[in-house]
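Peer 1: Below is the file coords_8.cif, with mmCIF, C-alpha atoms.
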```cif
data_final
loop_
_atom_site.group_PDB
_atom_site.id
_atom_site.type_symbol
_atom_site.label_atom_id
_atom_site.label_comp_id
_atom_site.auth_asym_id
_atom_site.auth_seq_id
_atom_site.Cartn_x
_atom_site.Cartn_y
_atom_site.Cartn_z
ATOM 1 C CA MET A 1 13.770 17.246 19.305
ATOM 2 C CA PRO A 2 12.054 20.547 18.423
ATOM 3 C CA VAL A 3 8.579 20.295 19.984
ATOM 4 C CA VAL A 4 6.119 22.948 18.819
ATOM 5 C CA HIS A 5 2.806 23.355 20.639
ATOM 6 C CA VAL A 6 0.215 24.611 18.155
ATOM 7 C CA THR A 7 -3.158 26.165 18.874
ATOM 8 C CA ASP A 8 -4.096 27.493 15.430
ATOM 9 C CA PRO A 9 -5.388 24.823 13.000
ATOM 10 C CA ALA A 10 -4.568 27.201 10.127
ATOM 11 C CA ASP A 11 -0.876 27.363 11.041
ATOM 12 C CA PRO A 12 0.910 27.095 7.654
ATOM 13 C CA ARG A 13 3.499 24.758 9.149
ATOM 14 C CA LEU A 14 0.731 22.139 9.343
ATOM 15 C CA HIS A 15 0.015 22.143 5.611
ATOM 16 C CA ASP A 16 1.014 18.478 5.197
ATOM 17 C CA TYR A 17 -1.738 17.418 7.621
ATOM 18 C CA THR A 18 -4.718 19.387 6.290
ATOM 19 C CA GLY A 19 -7.618 17.894 4.354
ATOM 20 C CA LEU A 20 -6.787 14.312 5.256
ATOM 21 C CA THR A 21 -10.385 13.145 4.799
ATOM 22 C CA ASP A 22 -10.589 14.458 1.212
ATOM 23 C CA VAL A 23 -9.569 11.330 -0.709
ATOM 24 C CA LYS A 24 -9.496 12.962 -4.139
ATOM 25 C CA LEU A 25 -7.463 15.925 -2.915
ATOM 26 C CA ARG A 26 -4.966 13.862 -0.938
ATOM 27 C CA SER A 27 -4.566 11.305 -3.734
ATOM 28 C CA ALA A 28 -3.448 14.134 -6.009
ATOM 29 C CA ARG A 29 -1.512 16.183 -3.469
ATOM 30 C CA GLU A 30 0.618 13.564 -1.805
ATOM 31 C CA PRO A 31 2.417 12.148 -4.862
ATOM 32 C CA ALA A 32 2.798 15.652 -6.318
ATOM 33 C CA GLU A 33 4.280 16.989 -3.076
ATOM 34 C CA GLY A 34 6.431 13.930 -2.455
ATOM 35 C CA LEU A 35 4.889 12.836 0.833
ATOM 36 C CA TYR A 36 2.587 10.312 2.432
ATOM 37 C CA MET A 37 0.975 9.912 5.853
ATOM 38 C CA ALA A 38 1.897 7.288 8.446
ATOM 39 C CA GLU A 39 -0.831 6.945 11.086
ATOM 40 C CA SER A 40 -0.319 5.310 14.508
ATOM 41 C CA SER A 41 2.876 4.563 16.368
ATOM 42 C CA THR A 42 3.036 1.043 14.908
ATOM 43 C CA VAL A 43 2.850 2.221 11.313
ATOM 44 C CA ILE A 44 5.289 5.066 11.940
ATOM 45 C CA ARG A 45 7.820 2.681 13.453
ATOM 46 C CA ARG A 46 7.478 0.267 10.550
ATOM 47 C CA ALA A 47 7.967 3.047 8.027
ATOM 48 C CA LEU A 48 11.099 4.240 9.796
ATOM 49 C CA ALA A 49 12.422 0.685 10.131
ATOM 50 C CA ALA A 50 12.091 0.360 6.363
ATOM 51 C CA GLY A 51 14.375 3.369 5.959
ATOM 52 C CA HIS A 52 11.747 5.997 5.138
ATOM 53 C CA ARG A 53 12.428 9.539 6.311
ATOM 54 C CA PRO A 54 10.038 11.735 8.321
ATOM 55 C CA ARG A 55 9.260 15.316 7.335
ATOM 56 C CA SER A 56 7.514 16.038 10.648
ATOM 57 C CA PHE A 57 5.325 14.527 13.352
ATOM 58 C CA LEU A 58 1.892 15.562 14.640
ATOM 59 C CA MET A 59 0.506 14.123 17.860
ATOM 60 C CA ALA A 60 -1.341 14.612 21.079
ATOM 61 C CA ASP A 61 0.774 15.638 24.052
ATOM 62 C CA LYS A 62 0.054 12.317 25.772
ATOM 63 C CA ARG A 63 1.917 10.481 22.963
ATOM 64 C CA LEU A 64 5.207 12.279 23.458
ATOM 65 C CA GLU A 65 6.530 9.895 26.080
ATOM 66 C CA SER A 66 5.723 6.686 24.184
ATOM 67 C CA MET A 67 7.213 8.127 20.983
ATOM 68 C CA ALA A 68 10.252 9.700 22.650
ATOM 69 C CA ASP A 69 12.759 7.190 21.256
ATOM 70 C CA VAL A 70 11.493 7.745 17.711
ATOM 71 C CA LEU A 71 11.593 11.508 18.066
ATOM 72 C CA ARG A 72 15.119 11.475 19.503
ATOM 73 C CA ALA A 73 16.282 9.371 16.555
ATOM 74 C CA HIS A 74 15.033 12.032 14.122
ATOM 75 C CA PRO A 75 16.002 15.353 15.697
ATOM 76 C CA ASP A 76 15.675 17.326 12.455
ATOM 77 C CA ALA A 77 11.973 16.543 12.036
ATOM 78 C CA PRO A 78 9.766 19.034 13.901
ATOM 79 C CA VAL A 79 7.202 17.649 16.332
ATOM 80 C CA PHE A 80 3.854 19.455 16.360
ATOM 81 C CA VAL A 81 1.712 18.874 19.455
ATOM 82 C CA ALA A 82 -1.893 19.965 19.933
ATOM 83 C CA ASP A 83 -4.923 19.134 22.023
ATOM 84 C CA ASP A 84 -7.628 16.837 20.684
ATOM 85 C CA ALA A 85 -9.932 19.597 19.468
ATOM 86 C CA VAL A 86 -7.193 21.291 17.462
ATOM 87 C CA LEU A 87 -6.006 17.961 16.059
ATOM 88 C CA ARG A 88 -9.534 17.243 14.854
ATOM 89 C CA GLU A 89 -9.736 20.619 13.122
ATOM 90 C CA ILE A 90 -6.369 20.133 11.435
ATOM 91 C CA THR A 91 -6.925 16.608 10.160
ATOM 92 C CA GLY A 92 -10.706 16.441 9.844
ATOM 93 C CA PHE A 93 -11.109 13.383 12.077
ATOM 94 C CA HIS A 94 -10.550 12.199 15.627
ATOM 95 C CA LEU A 95 -6.935 11.119 15.891
ATOM 96 C CA HIS A 96 -7.697 8.214 18.206
ATOM 97 C CA ARG A 97 -4.356 6.567 17.435
ATOM 98 C CA GLY A 98 -2.743 9.732 18.709
ATOM 99 C CA ALA A 99 0.131 10.156 16.246
ATOM 100 C CA LEU A 100 0.754 11.007 12.610
ATOM 101 C CA ALA A 101 3.940 11.457 10.637
ATOM 102 C CA ALA A 102 4.349 13.196 7.307
ATOM 103 C CA MET A 103 6.894 11.051 5.504
ATOM 104 C CA HIS A 104 9.048 11.656 2.452
ATOM 105 C CA ARG A 105 7.656 9.525 -0.377
ATOM 106 C CA PRO A 106 10.373 7.246 -1.796
ATOM 107 C CA VAL A 107 11.143 7.154 -5.514
ATOM 108 C CA LEU A 108 9.695 3.984 -7.013
ATOM 109 C CA PRO A 109 12.073 1.548 -8.738
ATOM 110 C CA SER A 110 11.368 -0.134 -12.061
ATOM 111 C CA VAL A 111 9.355 -3.350 -12.275
ATOM 112 C CA HIS A 112 12.451 -5.225 -13.380
ATOM 113 C CA ASP A 113 14.503 -3.951 -10.444
ATOM 114 C CA VAL A 114 11.809 -4.892 -7.916
ATOM 115 C CA VAL A 115 11.457 -8.390 -9.337
ATOM 116 C CA ALA A 116 15.213 -8.939 -9.627
ATOM 117 C CA GLY A 117 15.953 -7.604 -6.145
ATOM 118 C CA ALA A 118 13.396 -9.691 -4.267
ATOM 119 C CA ARG A 119 14.371 -12.602 -2.024
ATOM 120 C CA GLY A 120 17.685 -11.010 -1.141
ATOM 121 C CA GLY A 121 18.670 -10.583 -4.773
ATOM 122 C CA ALA A 122 17.757 -14.125 -5.793
ATOM 123 C CA GLY A 123 14.754 -12.775 -7.684
ATOM 124 C CA ALA A 124 11.031 -13.048 -7.083
ATOM 125 C CA ARG A 125 9.305 -16.381 -7.590
ATOM 126 C CA ARG A 126 5.775 -15.142 -6.941
ATOM 127 C CA VAL A 127 4.355 -11.656 -7.415
ATOM 128 C CA ALA A 128 0.911 -10.094 -7.159
ATOM 129 C CA VAL A 129 -0.394 -7.631 -9.724
ATOM 130 C CA LEU A 130 -3.266 -5.309 -8.753
ATOM 131 C CA GLU A 131 -5.128 -3.915 -11.753
ATOM 132 C CA ASP A 132 -7.014 -0.636 -11.274
ATOM 133 C CA ILE A 133 -8.264 -1.383 -7.754
ATOM 134 C CA VAL A 134 -9.984 1.796 -6.569
ATOM 135 C CA ASP A 135 -10.656 1.087 -2.893
ATOM 136 C CA HIS A 136 -7.677 1.902 -0.670
ATOM 137 C CA THR A 137 -8.923 -0.578 1.918
ATOM 138 C CA ASN A 138 -8.707 -3.420 -0.596
ATOM 139 C CA VAL A 139 -5.201 -2.360 -1.612
ATOM 140 C CA GLY A 140 -4.061 -2.336 2.013
ATOM 141 C CA ALA A 141 -5.681 -5.709 2.707
ATOM 142 C CA ALA A 142 -3.992 -7.239 -0.337
ATOM 143 C CA PHE A 143 -0.607 -5.993 0.864
ATOM 144 C CA ARG A 144 -1.192 -7.434 4.314
ATOM 145 C CA SER A 145 -2.085 -10.816 2.811
ATOM 146 C CA ALA A 146 0.937 -10.636 0.513
ATOM 147 C CA ALA A 147 3.240 -10.029 3.475
ATOM 148 C CA ALA A 148 1.655 -12.732 5.612
ATOM 149 C CA LEU A 149 1.657 -15.361 2.868
ATOM 150 C CA GLY A 150 5.105 -14.833 1.430
ATOM 151 C CA VAL A 151 4.430 -13.003 -1.834
ATOM 152 C CA ASP A 152 7.766 -11.602 -3.004
ATOM 153 C CA ALA A 153 6.505 -8.338 -4.538
ATOM 154 C CA VAL A 154 3.350 -6.408 -5.380
ATOM 155 C CA LEU A 155 3.018 -4.536 -8.661
ATOM 156 C CA VAL A 156 0.220 -2.029 -9.261
ATOM 157 C CA THR A 157 -1.116 -0.606 -12.502
ATOM 158 C CA PRO A 158 -0.996 3.110 -13.374
ATOM 159 C CA ARG A 159 -4.633 3.646 -12.325
ATOM 160 C CA CYS A 160 -4.563 1.536 -9.165
ATOM 161 C CA ALA A 161 -5.184 3.302 -5.847
ATOM 162 C CA ASP A 162 -2.084 4.527 -4.017
ATOM 163 C CA PRO A 163 -0.596 1.919 -1.648
ATOM 164 C CA LEU A 164 0.879 4.787 0.384
ATOM 165 C CA TYR A 165 -2.445 6.535 0.910
ATOM 166 C CA ARG A 166 -3.159 6.776 4.648
ATOM 167 C CA ARG A 167 -6.019 4.254 4.640
ATOM 168 C CA SER A 168 -4.054 1.739 2.580
ATOM 169 C CA VAL A 169 -1.088 1.997 4.917
ATOM 170 C CA ARG A 170 -3.283 1.665 8.003
ATOM 171 C CA VAL A 171 -5.222 -1.367 6.734
ATOM 172 C CA SER A 172 -1.963 -3.026 5.673
ATOM 173 C CA MET A 173 -0.690 -2.530 9.239
ATOM 174 C CA GLY A 174 2.451 -1.042 7.735
ATOM 175 C CA THR A 175 3.253 -4.130 5.658
ATOM 176 C CA VAL A 176 3.272 -1.887 2.583
ATOM 177 C CA PHE A 177 6.766 -0.979 3.835
ATOM 178 C CA GLN A 178 7.705 -4.625 4.134
ATOM 179 C CA VAL A 179 6.740 -6.003 0.715
ATOM 180 C CA PRO A 180 8.724 -4.660 -2.261
ATOM 181 C CA TRP A 181 6.387 -2.901 -4.674
ATOM 182 C CA THR A 182 6.239 -0.505 -7.563
ATOM 183 C CA ARG A 183 3.897 0.828 -10.230
ATOM 184 C CA PHE A 184 3.837 -0.145 -13.903
ATOM 185 C CA THR A 185 4.409 2.740 -16.310
ATOM 186 C CA SER A 186 2.229 1.131 -19.002
ATOM 187 C CA TRP A 187 -0.643 -1.320 -18.923
ATOM 188 C CA PRO A 188 -1.378 -4.011 -19.981
ATOM 189 C CA GLY A 189 1.914 -3.751 -21.869
ATOM 190 C CA GLY A 190 3.689 -4.130 -18.543
ATOM 191 C CA LEU A 191 2.715 -7.797 -18.501
ATOM 192 C CA ARG A 192 5.224 -8.355 -21.281
ATOM 193 C CA GLU A 193 7.981 -7.262 -18.871
ATOM 194 C CA LEU A 194 7.011 -10.050 -16.495
ATOM 195 C CA GLN A 195 6.782 -12.638 -19.236
ATOM 196 C CA GLU A 196 10.208 -11.620 -20.517
ATOM 197 C CA ASP A 197 11.519 -12.135 -16.979
ATOM 198 C CA GLY A 198 10.219 -15.712 -17.065
ATOM 199 C CA PHE A 199 6.909 -15.318 -15.242
ATOM 200 C CA THR A 200 3.791 -17.253 -16.061
ATOM 201 C CA VAL A 201 1.021 -14.652 -15.899
ATOM 202 C CA ALA A 202 -2.133 -16.036 -14.298
ATOM 203 C CA ALA A 203 -5.231 -13.847 -14.601
ATOM 204 C CA LEU A 204 -7.858 -14.498 -11.923
ATOM 205 C CA ALA A 205 -11.090 -14.194 -13.882
ATOM 206 C CA LEU A 206 -14.178 -16.056 -15.037
ATOM 207 C CA ALA A 207 -13.722 -17.654 -18.451
ATOM 208 C CA ASP A 208 -14.859 -20.793 -20.253
ATOM 209 C CA ASP A 209 -11.259 -21.954 -20.696
ATOM 210 C CA ALA A 210 -10.150 -21.127 -17.142
ATOM 211 C CA VAL A 211 -8.328 -23.677 -15.023
ATOM 212 C CA SER A 212 -8.879 -24.191 -11.325
ATOM 213 C CA LEU A 213 -6.611 -22.552 -8.760
ATOM 214 C CA ASP A 214 -6.227 -26.067 -7.364
ATOM 215 C CA ASP A 215 -4.573 -27.155 -10.629
ATOM 216 C CA VAL A 216 -2.121 -24.245 -10.528
ATOM 217 C CA ALA A 217 -1.286 -24.936 -6.889
ATOM 218 C CA ALA A 218 -0.707 -28.638 -7.623
ATOM 219 C CA ASP A 219 1.896 -27.877 -10.304
ATOM 220 C CA PRO A 220 3.015 -24.256 -9.887
ATOM 221 C CA PRO A 221 5.339 -22.651 -12.429
ATOM 222 C CA GLY A 222 8.781 -21.593 -11.261
ATOM 223 C CA ARG A 223 7.810 -17.933 -11.461
ATOM 224 C CA LEU A 224 4.170 -16.949 -11.083
ATOM 225 C CA ALA A 225 2.417 -13.584 -11.416
ATOM 226 C CA LEU A 226 -1.129 -13.535 -10.009
ATOM 227 C CA VAL A 227 -3.200 -10.736 -11.569
ATOM 228 C CA LEU A 228 -6.267 -9.472 -9.690
ATOM 229 C CA GLY A 229 -8.761 -7.008 -11.093
ATOM 230 C CA THR A 230 -10.734 -4.014 -9.988
ATOM 231 C CA GLU A 231 -13.834 -4.203 -7.822
ATOM 232 C CA GLY A 232 -17.017 -4.970 -9.753
ATOM 233 C CA ASP A 233 -15.782 -5.428 -13.316
ATOM 234 C CA GLY A 234 -12.740 -7.558 -12.552
ATOM 235 C CA LEU A 235 -9.867 -7.784 -14.999
ATOM 236 C CA SER A 236 -10.026 -5.959 -18.323
ATOM 237 C CA ARG A 237 -10.333 -8.006 -21.503
ATOM 238 C CA PRO A 238 -6.898 -6.947 -22.854
ATOM 239 C CA THR A 239 -5.318 -8.136 -19.598
ATOM 240 C CA VAL A 240 -7.062 -11.498 -19.729
ATOM 241 C CA GLU A 241 -6.054 -11.924 -23.370
ATOM 242 C CA ALA A 242 -2.416 -11.075 -22.576
ATOM 243 C CA ALA A 243 -2.212 -13.612 -19.725
ATOM 244 C CA ASP A 244 -0.692 -17.060 -20.138
ATOM 245 C CA VAL A 245 -3.523 -18.737 -18.234
ATOM 246 C CA VAL A 246 -6.879 -17.767 -16.759
ATOM 247 C CA VAL A 247 -7.525 -19.086 -13.246
ATOM 248 C CA THR A 248 -10.688 -19.365 -11.170
ATOM 249 C CA ILE A 249 -11.127 -20.035 -7.462
ATOM 250 C CA PRO A 250 -13.471 -23.020 -6.921
ATOM 251 C CA MET A 251 -16.755 -21.777 -5.442
ATOM 252 C CA ALA A 252 -19.751 -23.246 -3.680
ATOM 253 C CA GLY A 253 -23.215 -22.039 -2.718
ATOM 254 C CA GLY A 254 -23.963 -20.435 -6.062
ATOM 255 C CA VAL A 255 -21.346 -17.708 -5.497
ATOM 256 C CA ASP A 256 -19.298 -16.842 -8.583
ATOM 257 C CA SER A 257 -16.659 -14.517 -7.136
ATOM 258 C CA LEU A 258 -15.055 -13.042 -4.024
ATOM 259 C CA ASN A 259 -14.142 -9.528 -3.011
ATOM 260 C CA VAL A 260 -10.720 -8.795 -4.505
ATOM 261 C CA ALA A 261 -9.042 -8.618 -1.087
ATOM 262 C CA ALA A 262 -10.484 -11.994 -0.103
ATOM 263 C CA ALA A 263 -9.591 -13.475 -3.487
ATOM 264 C CA SER A 264 -6.016 -12.284 -3.125
ATOM 265 C CA ALA A 265 -5.654 -13.988 0.256
ATOM 266 C CA VAL A 266 -7.038 -17.272 -1.116
ATOM 267 C CA ALA A 267 -4.765 -17.171 -4.168
ATOM 268 C CA PHE A 268 -1.678 -16.265 -2.151
ATOM 269 C CA TRP A 269 -2.331 -19.058 0.354
ATOM 270 C CA ALA A 270 -3.018 -21.683 -2.286
ATOM 271 C CA THR A 271 0.178 -20.919 -4.225
ATOM 272 C CA ARG A 272 2.487 -20.353 -1.254
ATOM 273 C CA VAL A 273 5.990 -21.776 -1.588
#
```
How does this structure look as structure tokens?
Peer 2:
Amino acid sequence: MPVVHVTDPADPRLHDYTGLTDVKLRSAREPAEGLYMAESSTVIRRALAAGHRPRSFLMADKRLESMADVLRAHPDAPVFVADDAVLREITGFHLHRGALAAMHRPVLPSVHDVVAGARGGAGARRVAVLEDIVDHTNVGAAFRSAAALGVDAVLVTPRCADPLYRRSVRVSMGTVFQVPWTRFTSWPGGLRELQEDGFTVAALALADDAVSLDDVAADPPGRLALVLGTEGDGLSRPTVEAADVVVTIPMAGGVDSLNVAAASAVAFWATRV
């Protein structure tokens, strides 16, 4: 494994790792440059286990031994090592997890292919749809809940935050590599694709004609798509109108809604199969 000790934070070979705290910059750069960041040994290992390929590694010297097996398995990916002060200057934050990997971003499949290929090719029975969620933490939390509660696939809208953004990946604990996912190319027209594939589209929103999540869980359709909306405004009106049913989570204490990450966990648990 080619280990390179770096002392200059401006070393051009470290371009992939610069400006990591600039969300707007990284959200534009990473898809355009075909990469994403995996942070921590756990996340890196999960990404590699899912078949993703590393471009390079960046870590503190003290992490070399614990990551030796990973590095040996990918001898063509350079390993950049630096002390803590240099790492902070490169990345913009304290790398307390000690290891980063710049990964090749995989090409996303179509919605149909993701749905058809789930459950070992038997096809998805339950999928989550994330509409325009802007907070990467919420995206990562939704993926973690989806993985833990048996959701077959996650589908995100064109304007939804990037599931492969570093914070999303970290919050998901790497489960973004475990749950099949892709991005719609059009919205809300993409809902028609799901309906044509036999899904009942359930929009989680407040509406006078909404049914309780308890009712859906008591008699779930054979294929169910749970659609969750952006923070604050919730689902858009065209999305609610295109859905087959509007669903609400029963509430107490005068509360009318939950954070989207919490709502996703409740909905996934209630409809688990």
Peer 1: Could you spell out the hits of the PyMOL selection byres ((chain A and resi 132) around 7) on the shown file, as a list in words?
Peer 2: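 Matching residues under the PyMOL selection byres ((chain A and resi 132) around 7) are Leu130, Glu131, Ile133, Val134, Thr157, Arg159, Cys160, Ala161, Gly229 and Thr230 of chain A.
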Peer 1: Give me the result of the PyMOL selection byres ((chain A and resi 4-7) around 6) on this file, residue by residue, as an NGL selection string.
Peer 2: :A and (3 or 8 or 79-82)
Peer 1: Excluding Asp209 in chain A and any residue of its chain fewer than 3 positions from it, enumerate the residues within 10 Å of it, using only C-alpha atoms, and give them as an mmCIF file with C-alpha atoms, in the coordinates of the input.
Peer 2:
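Saved the output as part-v1.cif:
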```cif
data_model
loop_
_atom_site.group_PDB
_atom_site.id
_atom_site.type_symbol
_atom_site.label_atom_id
_atom_site.label_comp_id
_atom_site.auth_asym_id
_atom_site.auth_seq_id
_atom_site.Cartn_x
_atom_site.Cartn_y
_atom_site.Cartn_z
ATOM 1 C CA LEU A 206 -14.178 -16.056 -15.037
ATOM 2 C CA SER A 212 -8.879 -24.191 -11.325
ATOM 3 C CA VAL A 245 -3.523 -18.737 -18.234
ATOM 4 C CA VAL A 246 -6.879 -17.767 -16.759
ATOM 5 C CA VAL A 247 -7.525 -19.086 -13.246
ATOM 6 C CA THR A 248 -10.688 -19.365 -11.170
#
```
Peer 1: Determine the nearest neighbour of Val156 in chain A from the options A:Leu71, A:Ala47, A:Val227, A:Ala261, counting all atoms listed in the file.
Peer 2: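 Checking each candidate against Val156 in chain A, we get A:Val227 as the closest.
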Peer 1: Which residue gives the smallest distance to Leu87 in chain A among A:Pro75, A:Pro106, A:Gly19, A:Gly150, with all atoms listed in the file counted?
Peer 2: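 Distance minimum relative to Leu87 in chain A lands on A:Gly19.
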Peer 1: Which residues are near range 49-61 of chain A? Cut-off 6 Å, only C-alpha atoms, ignore same chain within fewer than 5 positions. Put them as a list in words.
Peer 2: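 What passes the distance filter is Ala77, Pro78, Val79, Phe80, Val81, Ala82, Asp83, Gly98, Ala99, Leu100, Ala101, Ala102, Met103 and His104 of chain A.
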Peer 1: I need the residues from that last selection saved to file as a PDB file, keeping the file's coordinate frame (with C-alpha atoms), if you can.
Peer 2:
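What follows is the written file part19.pdb:
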```
ATOM      1  CA  ALA A  77      11.973  16.543  12.036  1.00  0.00           C
ATOM      2  CA  PRO A  78       9.766  19.034  13.901  1.00  0.00           C
ATOM      3  CA  VAL A  79       7.202  17.649  16.332  1.00  0.00           C
ATOM      4  CA  PHE A  80       3.854  19.455  16.360  1.00  0.00           C
ATOM      5  CA  VAL A  81       1.712  18.874  19.455  1.00  0.00           C
ATOM      6  CA  ALA A  82      -1.893  19.965  19.933  1.00  0.00           C
ATOM      7  CA  ASP A  83      -4.923  19.134  22.023  1.00  0.00           C
ATOM      8  CA  GLY A  98      -2.743   9.732  18.709  1.00  0.00           C
ATOM      9  CA  ALA A  99       0.131  10.156  16.246  1.00  0.00           C
ATOM     10  CA  LEU A 100       0.754  11.007  12.610  1.00  0.00           C
ATOM     11  CA  ALA A 101       3.940  11.457  10.637  1.00  0.00           C
ATOM     12  CA  ALA A 102       4.349  13.196   7.307  1.00  0.00           C
ATOM     13  CA  MET A 103       6.894  11.051   5.504  1.00  0.00           C
ATOM     14  CA  HIS A 104       9.048  11.656   2.452  1.00  0.00           C
TER      15      HIS A 104
END
```
Peer 1: For a quick check of understanding, using only C-alpha atoms, which of A:Ala263, A:Asp162, A:Arg45, A:Ala122 has the smallest distance to Val23 in chain A?
Peer 2: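 Distance minimum relative to Val23 in chain A lands on A:Asp162.
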Peer 1: Which polymer residues, whether protein, DNA or RNA, lie within 12 Å of the coordinate (-0.8, -25.9, -10.5) when you count all atoms listed in the file? List them as a list in words, using the chain letters and numbers from the file.
Peer 2: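 Returned residue set, sorted by chain then number, is Thr200, Ala202, Val211, Ser212, Leu213, Asp214, Asp215, Val216, Ala217, Ala218, Asp219, Pro220, Pro221, Gly222, Arg223, Leu224, Val245, Val246, Val247, Thr248, Ala267, Ala270, Thr271, Arg272 and Val273 of chain A.
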Peer 1: Add whatever atoms are absent from range 166-178 of chain A to reach N, CA, C and O atoms, and provide the output as a PDB file, keeping the file's coordinate frame.
Peer 2:
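Result went into selection13.pdb, see below:
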```pdb
ATOM      1  N   ARG A 166      -3.055   7.032   3.208  1.00  0.00           N
ATOM      2  CA  ARG A 166      -3.159   6.776   4.648  1.00  0.00           C
ATOM      3  C   ARG A 166      -4.002   5.549   4.970  1.00  0.00           C
ATOM      4  O   ARG A 166      -3.618   4.716   5.800  1.00  0.00           O
ATOM      5  N   ARG A 167      -5.150   5.390   4.337  1.00  0.00           N
ATOM      6  CA  ARG A 167      -6.019   4.254   4.640  1.00  0.00           C
ATOM      7  C   ARG A 167      -5.379   2.941   4.188  1.00  0.00           C
ATOM      8  O   ARG A 167      -5.474   1.924   4.876  1.00  0.00           O
ATOM      9  N   SER A 168      -4.741   2.945   3.044  1.00  0.00           N
ATOM     10  CA  SER A 168      -4.054   1.739   2.580  1.00  0.00           C
ATOM     11  C   SER A 168      -2.973   1.318   3.561  1.00  0.00           C
ATOM     12  O   SER A 168      -2.851   0.139   3.919  1.00  0.00           O
ATOM     13  N   VAL A 169      -2.171   2.290   3.983  1.00  0.00           N
ATOM     14  CA  VAL A 169      -1.088   1.997   4.917  1.00  0.00           C
ATOM     15  C   VAL A 169      -1.638   1.451   6.227  1.00  0.00           C
ATOM     16  O   VAL A 169      -1.124   0.474   6.789  1.00  0.00           O
ATOM     17  N   ARG A 170      -2.712   2.084   6.720  1.00  0.00           N
ATOM     18  CA  ARG A 170      -3.283   1.665   8.003  1.00  0.00           C
ATOM     19  C   ARG A 170      -3.845   0.253   7.924  1.00  0.00           C
ATOM     20  O   ARG A 170      -3.595  -0.573   8.802  1.00  0.00           O
ATOM     21  N   VAL A 171      -4.621  -0.041   6.874  1.00  0.00           N
ATOM     22  CA  VAL A 171      -5.222  -1.367   6.734  1.00  0.00           C
ATOM     23  C   VAL A 171      -4.134  -2.431   6.547  1.00  0.00           C
ATOM     24  O   VAL A 171      -4.256  -3.555   7.037  1.00  0.00           O
ATOM     25  N   SER A 172      -3.060  -2.068   5.873  1.00  0.00           N
ATOM     26  CA  SER A 172      -1.963  -3.026   5.673  1.00  0.00           C
ATOM     27  C   SER A 172      -1.172  -3.263   6.950  1.00  0.00           C
ATOM     28  O   SER A 172      -0.320  -4.158   6.988  1.00  0.00           O
ATOM     29  N   MET A 173      -1.448  -2.462   7.986  1.00  0.00           N
ATOM     30  CA  MET A 173      -0.690  -2.530   9.239  1.00  0.00           C
ATOM     31  C   MET A 173       0.794  -2.264   9.001  1.00  0.00           C
ATOM     32  O   MET A 173       1.664  -2.816   9.662  1.00  0.00           O
ATOM     33  N   GLY A 174       1.074  -1.418   8.019  1.00  0.00           N
ATOM     34  CA  GLY A 174       2.451  -1.042   7.735  1.00  0.00           C
ATOM     35  C   GLY A 174       3.197  -2.053   6.889  1.00  0.00           C
ATOM     36  O   GLY A 174       4.379  -1.839   6.589  1.00  0.00           O
ATOM     37  N   THR A 175       2.543  -3.143   6.468  1.00  0.00           N
ATOM     38  CA  THR A 175       3.253  -4.130   5.658  1.00  0.00           C
ATOM     39  C   THR A 175       3.540  -3.631   4.255  1.00  0.00           C
ATOM     40  O   THR A 175       4.340  -4.235   3.527  1.00  0.00           O
ATOM     41  N   VAL A 176       2.933  -2.507   3.865  1.00  0.00           N
ATOM     42  CA  VAL A 176       3.272  -1.887   2.583  1.00  0.00           C
ATOM     43  C   VAL A 176       4.747  -1.462   2.564  1.00  0.00           C
ATOM     44  O   VAL A 176       5.343  -1.311   1.503  1.00  0.00           O
ATOM     45  N   PHE A 177       5.334  -1.297   3.751  1.00  0.00           N
ATOM     46  CA  PHE A 177       6.766  -0.979   3.835  1.00  0.00           C
ATOM     47  C   PHE A 177       7.621  -2.237   3.827  1.00  0.00           C
ATOM     48  O   PHE A 177       8.838  -2.164   3.686  1.00  0.00           O
ATOM     49  N   GLN A 178       6.989  -3.360   4.007  1.00  0.00           N
ATOM     50  CA  GLN A 178       7.705  -4.625   4.134  1.00  0.00           C
ATOM     51  C   GLN A 178       7.820  -5.358   2.799  1.00  0.00           C
ATOM     52  O   GLN A 178       8.845  -5.986   2.515  1.00  0.00           O
TER      53      GLN A 178
END
```
